[in-house]
>>> print(open('data_4.cif').read())   # mmCIF, C-alpha atoms (C1' of nucleotides)
data_entry
loop_
_atom_site.label_atom_id
_atom_site.label_comp_id
_atom_site.auth_asym_id
_atom_site.auth_seq_id
_atom_site.Cartn_x
_atom_site.Cartn_y
_atom_site.Cartn_z
CA MET A 1 -47.85 31.13 -63.16
CA ALA A 2 -48.53 28.49 -60.52
CA GLY A 3 -51.24 30.62 -59.05
CA GLN A 4 -53.27 30.20 -62.21
CA LYS A 5 -53.61 26.47 -61.85
CA ILE A 6 -56.50 24.68 -60.23
CA ALA A 7 -56.60 21.20 -58.73
CA VAL A 8 -59.29 18.70 -59.65
CA ILE A 9 -60.20 15.47 -57.93
CA VAL A 10 -62.60 13.05 -59.58
CA GLY A 11 -63.85 9.50 -59.16
CA PRO A 12 -67.02 7.44 -59.07
CA THR A 13 -69.61 7.92 -56.38
CA ALA A 14 -68.67 6.53 -52.95
CA CYS A 15 -64.97 6.24 -53.80
CA GLY A 16 -63.89 8.55 -50.99
CA LYS A 17 -63.62 11.87 -52.83
CA THR A 18 -65.09 13.91 -50.02
CA ASP A 19 -62.71 12.66 -47.34
CA ALA A 20 -59.74 13.09 -49.62
CA SER A 21 -60.83 16.57 -50.63
CA ILE A 22 -61.03 17.77 -47.01
CA ARG A 23 -57.53 16.51 -46.28
CA LEU A 24 -56.06 17.96 -49.42
CA ALA A 25 -57.86 21.27 -49.06
CA GLU A 26 -56.52 21.73 -45.55
CA ALA A 27 -53.00 20.79 -46.56
CA LEU A 28 -52.99 22.97 -49.66
CA ASP A 29 -54.87 25.93 -48.19
CA ALA A 30 -57.64 25.44 -50.71
CA GLU A 31 -61.35 26.08 -50.97
CA ILE A 32 -63.52 23.41 -52.51
CA ILE A 33 -65.69 23.94 -55.55
CA SER A 34 -68.11 21.05 -55.91
CA ALA A 35 -68.80 19.58 -59.34
CA ASP A 36 -71.88 17.58 -58.49
CA SER A 37 -75.16 18.02 -60.32
CA ILE A 38 -77.34 17.08 -57.33
CA GLN A 39 -75.47 18.71 -54.47
CA VAL A 40 -76.11 22.10 -56.06
CA TYR A 41 -79.76 21.84 -54.96
CA ARG A 42 -80.83 23.06 -51.56
CA LEU A 43 -82.73 20.60 -49.35
CA LEU A 44 -81.38 17.51 -51.09
CA ASP A 45 -79.02 16.65 -48.25
CA ILE A 46 -78.97 12.99 -47.28
CA GLY A 47 -79.64 11.51 -50.70
CA SER A 48 -76.98 13.58 -52.43
CA ALA A 49 -74.33 12.66 -49.84
CA LYS A 50 -73.40 16.27 -49.24
CA PRO A 51 -70.35 17.01 -47.14
CA THR A 52 -71.22 17.11 -43.44
CA ALA A 53 -71.63 20.30 -41.45
CA ASP A 54 -68.32 19.58 -39.78
CA GLN A 55 -66.55 19.13 -43.10
CA ARG A 56 -68.04 22.34 -44.37
CA ARG A 57 -66.86 24.12 -41.28
CA ARG A 58 -63.33 22.92 -41.84
CA VAL A 59 -63.17 23.85 -45.51
CA VAL A 60 -65.19 26.40 -47.46
CA HIS A 61 -67.39 24.66 -50.05
CA HIS A 62 -68.70 26.42 -53.12
CA MET A 63 -71.41 25.23 -55.52
CA VAL A 64 -73.27 23.28 -52.84
CA ASP A 65 -76.78 24.50 -51.94
CA VAL A 66 -76.78 27.17 -54.60
CA VAL A 67 -79.91 26.29 -56.58
CA ASP A 68 -83.53 26.27 -55.44
CA LEU A 69 -84.99 22.79 -55.43
CA GLY A 70 -87.92 24.00 -57.51
CA ASP A 71 -85.68 25.45 -60.21
CA ARG A 72 -86.23 23.62 -63.49
CA GLY A 73 -83.69 25.61 -65.43
CA PHE A 74 -80.32 24.71 -63.98
CA SER A 75 -77.81 23.53 -66.55
CA VAL A 76 -74.14 22.97 -67.37
CA ALA A 77 -73.94 26.47 -68.74
CA ARG A 78 -75.19 27.97 -65.51
CA TYR A 79 -72.90 25.67 -63.58
CA ARG A 80 -69.87 26.83 -65.48
CA GLN A 81 -70.84 30.46 -65.11
CA SER A 82 -71.21 30.27 -61.32
CA ALA A 83 -68.37 27.88 -60.68
CA GLN A 84 -65.96 30.00 -62.70
CA THR A 85 -66.95 33.01 -60.63
CA CYS A 86 -66.14 30.98 -57.52
CA ILE A 87 -62.79 29.92 -58.91
CA ASP A 88 -61.85 33.48 -59.69
CA SER A 89 -62.86 34.78 -56.28
CA VAL A 90 -61.01 31.98 -54.46
CA ARG A 91 -57.93 32.85 -56.46
CA LYS A 92 -58.21 36.47 -55.45
CA THR A 93 -57.90 35.47 -51.82
CA GLY A 94 -54.66 33.70 -52.65
CA LYS A 95 -56.13 30.28 -51.99
CA LEU A 96 -56.16 27.29 -54.30
CA PRO A 97 -59.41 26.35 -56.03
CA LEU A 98 -59.94 22.60 -55.58
CA ILE A 99 -62.64 21.13 -57.81
CA VAL A 100 -64.21 17.99 -56.41
CA GLY A 101 -66.95 15.99 -58.01
CA GLY A 102 -68.29 13.12 -60.03
CA THR A 103 -70.25 14.92 -62.72
CA GLY A 104 -68.01 14.49 -65.73
CA LEU A 105 -69.74 17.08 -67.85
CA TYR A 106 -69.36 19.73 -65.15
CA ILE A 107 -65.67 18.94 -64.76
CA HIS A 108 -65.34 19.23 -68.52
CA ALA A 109 -67.09 22.58 -68.50
CA LEU A 110 -64.35 23.92 -66.26
CA THR A 111 -61.34 22.24 -67.82
CA GLN A 112 -62.14 22.00 -71.54
CA PRO A 113 -63.14 24.70 -74.01
CA LEU A 114 -66.78 23.68 -74.34
CA ALA A 115 -68.86 25.90 -76.58
CA LEU A 116 -71.63 26.87 -74.22
CA GLY A 117 -73.45 30.13 -74.01
CA SER A 118 -74.95 30.64 -77.42
CA VAL A 119 -78.33 28.94 -77.50
CA PRO A 120 -80.41 28.70 -74.33
CA PRO A 121 -83.05 25.96 -74.05
CA ASP A 122 -86.47 26.67 -75.49
CA GLU A 123 -89.07 24.63 -73.62
CA GLY A 124 -91.83 25.48 -76.05
CA LEU A 125 -89.87 24.27 -79.02
CA ARG A 126 -88.79 21.13 -77.19
CA MET A 127 -92.34 20.22 -76.35
CA GLU A 128 -93.41 20.83 -79.91
CA LEU A 129 -90.66 18.53 -81.19
CA VAL A 130 -91.56 15.79 -78.72
CA LEU A 131 -95.14 15.86 -80.03
CA LYS A 132 -93.93 15.77 -83.60
CA GLU A 133 -91.83 12.71 -82.87
CA ARG A 134 -94.76 11.01 -81.21
CA ASN A 135 -96.91 11.43 -84.31
CA ASP A 136 -94.17 10.44 -86.70
CA PRO A 137 -91.43 8.37 -85.05
CA GLY A 138 -88.02 9.01 -86.54
CA CYS A 139 -88.93 12.36 -88.06
CA LEU A 140 -86.66 14.36 -85.75
CA HIS A 141 -83.59 12.40 -86.65
CA ARG A 142 -84.44 12.73 -90.34
CA MET A 143 -84.92 16.45 -89.87
CA LEU A 144 -81.53 16.66 -88.21
CA GLY A 145 -80.06 14.80 -91.15
CA GLU A 146 -81.07 17.76 -93.32
CA LEU A 147 -79.99 20.54 -90.99
CA ASP A 148 -76.87 19.05 -89.43
CA PRO A 149 -75.74 15.81 -91.10
CA ALA A 150 -72.64 15.51 -88.93
CA SER A 151 -74.65 15.53 -85.70
CA ALA A 152 -77.27 13.20 -87.17
CA LEU A 153 -74.54 10.72 -87.95
CA ARG A 154 -73.11 10.97 -84.47
CA LEU A 155 -76.41 10.69 -82.61
CA HIS A 156 -78.54 7.58 -82.38
CA PRO A 157 -82.16 8.16 -83.49
CA ASN A 158 -83.34 6.94 -80.08
CA ASP A 159 -81.31 9.52 -78.20
CA GLN A 160 -84.20 11.94 -78.34
CA LYS A 161 -82.77 14.35 -75.79
CA ARG A 162 -79.65 15.01 -77.82
CA VAL A 163 -81.42 14.99 -81.17
CA ILE A 164 -83.80 17.64 -79.89
CA ARG A 165 -80.98 19.73 -78.49
CA ALA A 166 -79.12 19.56 -81.81
CA LEU A 167 -82.24 20.70 -83.63
CA GLU A 168 -82.80 23.46 -81.12
CA VAL A 169 -79.32 24.83 -81.74
CA CYS A 170 -79.71 24.70 -85.53
CA MET A 171 -83.11 26.34 -85.52
CA ALA A 172 -82.18 29.09 -83.09
CA SER A 173 -78.74 30.00 -84.38
CA GLY A 174 -78.83 28.80 -87.96
CA LYS A 175 -75.54 27.11 -87.18
CA PRO A 176 -75.29 23.33 -86.74
CA LEU A 177 -74.33 21.97 -83.34
CA SER A 178 -71.49 20.09 -84.94
CA ALA A 179 -69.91 23.43 -85.85
CA TYR A 180 -69.44 24.07 -82.13
CA GLY A 181 -67.23 21.04 -81.84
CA SER A 182 -67.52 17.78 -79.94
CA ASP A 183 -63.95 16.97 -79.19
CA PHE A 184 -63.68 15.19 -75.88
CA GLN A 185 -59.90 15.28 -75.64
CA ASN A 186 -59.61 18.75 -77.14
CA ALA A 187 -57.27 17.50 -79.85
CA ALA A 188 -57.70 20.85 -81.55
CA GLY A 189 -55.80 22.34 -78.64
CA ASN A 190 -58.13 25.23 -77.93
CA GLU A 191 -57.45 27.30 -74.86
CA PRO A 192 -59.21 25.71 -71.85
CA PRO A 193 -60.90 27.98 -69.30
CA ASN A 194 -58.61 26.72 -66.54
CA ASP A 195 -55.26 25.01 -66.32
CA ALA A 196 -56.08 21.92 -64.30
CA VAL A 197 -54.01 19.36 -62.46
CA MET A 198 -56.27 16.35 -62.24
CA ILE A 199 -56.22 13.32 -59.99
CA GLY A 200 -58.70 10.46 -59.68
CA ILE A 201 -59.51 7.84 -57.09
CA ALA A 202 -59.86 4.29 -58.42
CA ILE A 203 -61.21 1.33 -56.48
CA PRO A 204 -61.71 -2.27 -57.60
CA ARG A 205 -65.25 -2.65 -58.84
CA GLU A 206 -66.26 -5.23 -56.26
CA LEU A 207 -65.10 -3.10 -53.36
CA LEU A 208 -66.73 -0.01 -54.78
CA TYR A 209 -70.04 -1.85 -55.05
CA GLU A 210 -69.79 -2.96 -51.44
CA ARG A 211 -69.22 0.63 -50.42
CA ILE A 212 -72.18 1.79 -52.48
CA ASN A 213 -74.50 -0.77 -50.93
CA ALA A 214 -73.33 0.15 -47.45
CA ARG A 215 -73.74 3.84 -48.10
CA VAL A 216 -77.31 3.44 -49.29
CA ASP A 217 -78.11 1.59 -46.06
CA GLN A 218 -76.48 4.41 -44.09
CA MET A 219 -78.56 6.99 -45.92
CA MET A 220 -81.74 5.17 -44.97
CA GLU A 221 -80.65 5.03 -41.34
CA ALA A 222 -79.87 8.72 -41.49
CA GLY A 223 -83.49 9.46 -42.41
CA PHE A 224 -83.46 9.62 -46.20
CA LEU A 225 -87.13 8.62 -46.40
CA ASP A 226 -88.15 11.39 -43.98
CA GLU A 227 -86.20 13.88 -46.04
CA VAL A 228 -88.23 12.95 -49.11
CA LYS A 229 -91.53 12.94 -47.20
CA THR A 230 -90.82 16.40 -45.86
CA LEU A 231 -90.09 17.74 -49.32
CA LEU A 232 -93.37 16.35 -50.61
CA LYS A 233 -95.24 17.89 -47.70
CA ARG A 234 -93.68 21.22 -48.55
CA GLY A 235 -95.25 20.91 -51.96
CA TYR A 236 -92.31 20.17 -54.21
CA ASP A 237 -93.39 18.47 -57.42
CA PRO A 238 -92.03 14.96 -57.97
CA SER A 239 -91.45 15.82 -61.63
CA LEU A 240 -88.72 18.35 -60.78
CA PRO A 241 -85.40 17.67 -62.49
CA ALA A 242 -83.69 17.61 -59.10
CA PHE A 243 -85.81 14.60 -58.19
CA GLN A 244 -84.29 12.66 -61.06
CA GLY A 245 -81.41 12.04 -58.69
CA ILE A 246 -80.93 8.41 -57.76
CA GLY A 247 -82.67 7.58 -54.53
CA TYR A 248 -85.15 10.43 -54.73
CA ARG A 249 -86.83 8.86 -57.76
CA GLN A 250 -87.20 5.49 -56.10
CA LEU A 251 -88.35 6.78 -52.74
CA LEU A 252 -90.95 8.95 -54.43
CA ASP A 253 -92.13 5.87 -56.31
CA HIS A 254 -92.32 4.01 -53.03
CA LEU A 255 -94.34 6.75 -51.35
CA ASP A 256 -96.61 6.68 -54.36
CA GLY A 257 -97.14 2.96 -53.94
CA ARG A 258 -95.33 1.93 -57.11
CA LEU A 259 -92.48 0.20 -55.28
CA THR A 260 -92.26 -1.67 -52.00
CA MET A 261 -89.58 -0.46 -49.63
CA GLY A 262 -87.50 -3.53 -50.44
CA GLU A 263 -87.79 -2.97 -54.17
CA ALA A 264 -86.91 0.70 -53.77
CA MET A 265 -83.78 -0.12 -51.77
CA GLU A 266 -82.66 -2.70 -54.28
CA GLU A 267 -83.25 -0.37 -57.18
CA ILE A 268 -81.39 2.50 -55.53
CA LYS A 269 -78.36 0.28 -55.03
CA ARG A 270 -78.50 -1.08 -58.56
CA GLU A 271 -78.92 2.35 -60.15
CA THR A 272 -76.09 3.75 -58.08
CA ARG A 273 -73.84 0.92 -59.23
CA ARG A 274 -74.75 1.61 -62.85
CA PHE A 275 -74.16 5.29 -62.32
CA ALA A 276 -70.69 4.58 -60.93
CA LYS A 277 -69.97 2.48 -64.00
CA ARG A 278 -70.91 5.36 -66.28
CA GLN A 279 -68.73 7.72 -64.29
CA ILE A 280 -65.80 5.35 -64.63
CA THR A 281 -66.39 5.13 -68.38
CA TRP A 282 -66.35 8.90 -68.61
CA PHE A 283 -63.26 9.54 -66.52
CA LYS A 284 -61.10 6.71 -67.74
CA ARG A 285 -60.88 8.20 -71.16
CA ASP A 286 -59.57 11.50 -69.82
CA ALA A 287 -55.82 11.19 -70.29
CA ARG A 288 -55.08 14.17 -68.06
CA ILE A 289 -56.08 12.30 -64.90
CA ARG A 290 -53.40 10.79 -62.69
CA TRP A 291 -55.04 7.81 -60.96
CA PHE A 292 -54.56 6.67 -57.38
CA ASN A 293 -55.81 3.19 -56.64
CA ALA A 294 -57.08 2.83 -53.10
CA CYS A 295 -55.81 -0.75 -53.01
CA ASP A 296 -52.22 0.30 -53.55
CA TYR A 297 -52.07 1.93 -50.14
CA PRO A 298 -52.22 0.49 -46.63
CA SER A 299 -54.53 3.31 -45.53
CA SER A 300 -56.41 6.22 -47.00
CA GLU A 301 -54.08 8.56 -45.08
CA GLU A 302 -51.19 7.08 -47.01
CA MET A 303 -52.99 7.64 -50.29
CA HIS A 304 -53.86 11.20 -49.36
CA ARG A 305 -50.21 11.88 -48.63
CA GLU A 306 -49.18 10.64 -52.07
CA MET A 307 -51.91 12.66 -53.71
CA LEU A 308 -50.75 15.73 -51.87
CA GLU A 309 -47.18 15.21 -52.99
CA TYR A 310 -48.24 14.79 -56.59
CA LEU A 311 -50.49 17.84 -56.52
CA LYS A 312 -47.85 20.03 -54.90
CA PHE A 313 -45.33 19.00 -57.51
CA ARG A 314 -47.62 19.56 -60.45
CA LEU A 315 -49.22 22.74 -59.14
CA TYR A 316 -45.93 24.42 -58.48
CA GLU A 317 -43.66 22.84 -61.08
CA ASP A 318 -43.36 26.11 -62.94
CA ILE A 319 -42.00 27.74 -59.82
CA ASN A 320 -39.68 24.78 -59.33
CA ASP A 321 -38.43 25.22 -62.87
CA GLY A 322 -37.94 28.89 -62.22
CA CYS A 323 -35.76 28.18 -59.19
CA LEU A 324 -33.61 25.77 -61.13
CA SER A 325 -32.80 28.18 -63.91
"C1'" G B 1 -83.10 -48.22 -47.22
"C1'" C B 2 -86.70 -47.62 -51.39
"C1'" C B 3 -89.41 -44.32 -54.86
"C1'" U B 4 -90.07 -39.61 -57.47
"C1'" C B 5 -88.46 -35.04 -59.40
"C1'" G B 6 -84.29 -31.73 -60.07
"C1'" G B 7 -78.71 -30.41 -61.01
"C1'" U B 8 -77.57 -26.07 -68.03
"C1'" A B 9 -74.66 -18.36 -67.77
"C1'" G B 10 -73.81 -14.68 -61.51
"C1'" C B 11 -79.62 -15.80 -60.46
"C1'" U B 12 -84.49 -17.96 -62.21
"C1'" C B 13 -85.21 -21.20 -65.89
"C1'" A B 14 -86.06 -22.97 -71.77
"C1'" G B 15 -83.86 -26.53 -74.59
"C1'" C B 16 -89.68 -31.84 -79.64
"C1'" U B 17 -88.46 -38.12 -80.57
"C1'" G B 18 -79.50 -37.26 -80.48
"C1'" G B 19 -76.41 -32.75 -84.71
"C1'" U B 20 -71.33 -29.38 -78.77
"C1'" A B 21 -76.80 -24.40 -76.29
"C1'" G B 22 -80.83 -19.44 -75.37
"C1'" A B 23 -84.42 -16.17 -72.75
"C1'" G B 24 -85.45 -12.71 -68.65
"C1'" C B 25 -82.99 -10.38 -64.77
"C1'" A B 26 -78.09 -9.32 -62.97
"C1'" A B 27 -73.45 -8.02 -65.23
"C1'" G B 28 -69.78 -6.04 -68.77
"C1'" G B 29 -68.30 -2.42 -72.69
"C1'" G B 30 -69.21 2.31 -75.04
"C1'" A B 31 -71.15 7.30 -76.15
"C1'" C B 32 -71.80 12.03 -73.94
"C1'" U B 33 -71.31 20.27 -75.44
"C1'" G B 34 -77.47 24.24 -71.84
"C1'" A B 35 -82.15 17.92 -68.05
"C1'" A B 36 -75.76 14.75 -67.15
"C1'" A B 37 -77.29 10.97 -60.48
"C1'" A B 38 -80.11 12.63 -67.01
"C1'" U B 39 -80.24 10.30 -71.87
"C1'" C B 40 -78.75 6.67 -75.39
"C1'" C B 41 -76.11 2.42 -77.96
"C1'" C B 42 -73.66 -2.48 -78.06
"C1'" U B 43 -72.49 -7.45 -75.79
"C1'" G B 44 -74.04 -14.13 -73.74
"C1'" U B 45 -69.83 -14.31 -70.20
"C1'" G B 46 -71.06 -21.89 -70.26
"C1'" U B 47 -65.60 -28.30 -68.77
"C1'" C B 48 -74.72 -28.42 -69.91
"C1'" G B 49 -72.79 -32.00 -61.64
"C1'" G B 50 -68.82 -36.14 -62.37
"C1'" U B 51 -66.99 -40.77 -64.69
"C1'" G B 52 -67.67 -44.41 -68.11
"C1'" G B 53 -70.70 -46.56 -72.21
"C1'" U B 54 -73.81 -46.75 -76.92
"C1'" U B 55 -73.26 -43.71 -81.51
"C1'" C B 56 -70.23 -40.90 -87.24
"C1'" A B 57 -72.23 -37.46 -83.47
"C1'" A B 58 -74.61 -37.05 -76.43
"C1'" C B 59 -77.04 -31.29 -72.75
"C1'" U B 60 -80.28 -34.98 -74.95
"C1'" C B 61 -80.07 -42.27 -74.60
"C1'" C B 62 -77.84 -46.13 -70.89
"C1'" A B 63 -74.97 -47.46 -66.36
"C1'" C B 64 -72.63 -45.98 -62.15
"C1'" U B 65 -71.57 -41.90 -58.98
"C1'" C B 66 -71.86 -37.11 -56.29
"C1'" U B 67 -75.53 -33.57 -54.75
"C1'" G B 68 -80.49 -30.87 -53.61
"C1'" A B 69 -85.86 -31.23 -52.63
"C1'" G B 70 -90.08 -34.14 -51.70
"C1'" G B 71 -92.61 -38.86 -50.73
"C1'" C B 72 -92.78 -43.99 -48.59
"C1'" A B 73 -90.92 -46.92 -44.84
#
>>> encode(input="data_4.cif", output="structure tokens")
Amino acid sequence: MAGQKIAVIVGPTACGKTDASIRLAEALDAEIISADSIQVYRLLDIGSAKPTADQRRRVVHHMVDVVDLGDRGFSVARYRQSAQTCIDSVRKTGKLPLIVGGTGLYIHALTQPLALGSVPPDEGLRMELVLKERNDPGCLHRMLGELDPASALRLHPNDQKRVIRALEVCMASGKPLSAYGSDFQNAAGNEPPNDAVMIGIAIPRELLYERINARVDQMMEAGFLDEVKTLLKRGYDPSLPAFQGIGYRQLLDHLDGRLTMGEAMEEIKRETRRFAKRQITWFKRDARIRWFNACDYPSSEEMHREMLEYLKFRLYEDINDGCLS
RNA sequence: GCCUCGGUAGCUCAGCUGGUAGAGCAAGGGACUGAAAAUCCCUGUGUCGGUGGUUCAACUCCACUCUGAGGCA
């Protein structure tokens, strides 16, 4: 059932995923499904490092520009819903779905049996809980200790976002969040939504950081600041979740007078480096990923060729086996 | 040439009158199930410029030396 498999390419920001994905998509007759939590938003173009118009002409990209910038309700669950629809429709055309992105949770949503879909967020309740916590620090975590001891044990009292979510699930469904599972490696062996062949791009930290710094400079030259100014002029609220994206936050702070341009630039670079570190932490514990280190190859073309070979082998190994027997 | 003040973590610096070091930032490690580019947790990484000396014991005192800044000639 080779046709049932999907290919996935991951890696930290600025590692060269986009270039690699274009090459591989063309060679494998694939369409790309982005797994990037910022590129889903329309109008966030420069700062989210979206694929260029030319790249998007060469290969069909899904899950880019699919959410209104003003939408405050986008989530992993909605991502999985839409992305899975894309995967299925790409398959129907006989092409290969190629997932490309750096948002670990989104990749997980497509390749691991995450229990999503039961309890939608309840903004009213969340606000109420935030107020409660403000009046009585620590009360939420204690409350969780009563309702869902396993989750309370797992979550740090300061991780308010997750504590609130865990409470939300308990209160809405009467079932503790821990009952839905939290098994990163899927040791339980539940059926994943897709059978994925995964590859990752690794780069020595120092080199990656150089690339990040250079890319931030390029973004500024490409008119990042004007992009943000235009969005403000159009009336988009700086508090939108989409504006939590690195770069947007800092430039909004600069336009608001809270940061000088120099400080904003420095902070964007630093935050992007830290983000890359978190991505690396996430992906390196995923044993399914076959890593390709950019330094092991004389050129990126050479690396792309090796990736292609590996993907072809793994994607069609069942057919290969069939031929042998 | 002389005088003064510096040289301690990647950076900026603290370290009473001797008991082999500690802050901030940077950095590193980790977590992650409906905000995930979000959110949260943990961690000091060091030939204290070098060489000798005094001392039970030197980042600390002494001598010499290398080096940076300033001042006087």
>>> resolve_selection(input="data_4.cif", expression="the PyMOL selection byres ((chain A) within 7 of (chain B))", output="ChimeraX atom specification")
/A:38,75-77,105,114-116,120-121,158-159,161,182,241,245-246,275
>>> atom_distance(input="data_4.cif", atom1="CA of Gln55 in chain A", atom2="CA of Gln218 in chain A")
17.8 Å
>>> resolve_selection(input="data_4.cif", expression="the PyMOL selection byres ((chain A and resi 28-35) around 8)", output="ChimeraX atom specification")
/A:21,24-27,36-37,39,59-64,83,86-87,90,95-103,106-107,308,312
>>> write_last_selection(input="data_4.cif", atoms="C-alpha atoms", output="PDB file, in the coordinates of the input")
ATOM      1  CA  SER A  21     -60.830  16.570 -50.630  1.00  0.00           C
ATOM      2  CA  LEU A  24     -56.060  17.960 -49.420  1.00  0.00           C
ATOM      3  CA  ALA A  25     -57.860  21.270 -49.060  1.00  0.00           C
ATOM      4  CA  GLU A  26     -56.520  21.730 -45.550  1.00  0.00           C
ATOM      5  CA  ALA A  27     -53.000  20.790 -46.560  1.00  0.00           C
ATOM      6  CA  ASP A  36     -71.880  17.580 -58.490  1.00  0.00           C
ATOM      7  CA  SER A  37     -75.160  18.020 -60.320  1.00  0.00           C
ATOM      8  CA  GLN A  39     -75.470  18.710 -54.470  1.00  0.00           C
ATOM      9  CA  VAL A  59     -63.170  23.850 -45.510  1.00  0.00           C
ATOM     10  CA  VAL A  60     -65.190  26.400 -47.460  1.00  0.00           C
ATOM     11  CA  HIS A  61     -67.390  24.660 -50.050  1.00  0.00           C
ATOM     12  CA  HIS A  62     -68.700  26.420 -53.120  1.00  0.00           C
ATOM     13  CA  MET A  63     -71.410  25.230 -55.520  1.00  0.00           C
ATOM     14  CA  VAL A  64     -73.270  23.280 -52.840  1.00  0.00           C
ATOM     15  CA  ALA A  83     -68.370  27.880 -60.680  1.00  0.00           C
ATOM     16  CA  CYS A  86     -66.140  30.980 -57.520  1.00  0.00           C
ATOM     17  CA  ILE A  87     -62.790  29.920 -58.910  1.00  0.00           C
ATOM     18  CA  VAL A  90     -61.010  31.980 -54.460  1.00  0.00           C
ATOM     19  CA  LYS A  95     -56.130  30.280 -51.990  1.00  0.00           C
ATOM     20  CA  LEU A  96     -56.160  27.290 -54.300  1.00  0.00           C
ATOM     21  CA  PRO A  97     -59.410  26.350 -56.030  1.00  0.00           C
ATOM     22  CA  LEU A  98     -59.940  22.600 -55.580  1.00  0.00           C
ATOM     23  CA  ILE A  99     -62.640  21.130 -57.810  1.00  0.00           C
ATOM     24  CA  VAL A 100     -64.210  17.990 -56.410  1.00  0.00           C
ATOM     25  CA  GLY A 101     -66.950  15.990 -58.010  1.00  0.00           C
ATOM     26  CA  GLY A 102     -68.290  13.120 -60.030  1.00  0.00           C
ATOM     27  CA  THR A 103     -70.250  14.920 -62.720  1.00  0.00           C
ATOM     28  CA  TYR A 106     -69.360  19.730 -65.150  1.00  0.00           C
ATOM     29  CA  ILE A 107     -65.670  18.940 -64.760  1.00  0.00           C
ATOM     30  CA  LEU A 308     -50.750  15.730 -51.870  1.00  0.00           C
ATOM     31  CA  LYS A 312     -47.850  20.030 -54.900  1.00  0.00           C
TER      32      LYS A 312
END
>>> residues_near_point(input="data_4.cif", point="(-58.7, 26.1, -69.5)", cutoff="9 Å", atoms="all atoms listed in the file", output="JSON, numbers by chain")
{"A": [110, 111, 112, 113, 190, 191, 192, 193, 194, 195, 196]}
>>> resolve_selection(input="data_4.cif", expression="the PyMOL selection byres ((chain B and resi 14-20) around 10)", output="list in words")
U8, C13, A21, G22, A23, C48, U55, A57, A58, C59, U60 and C61 of chain B
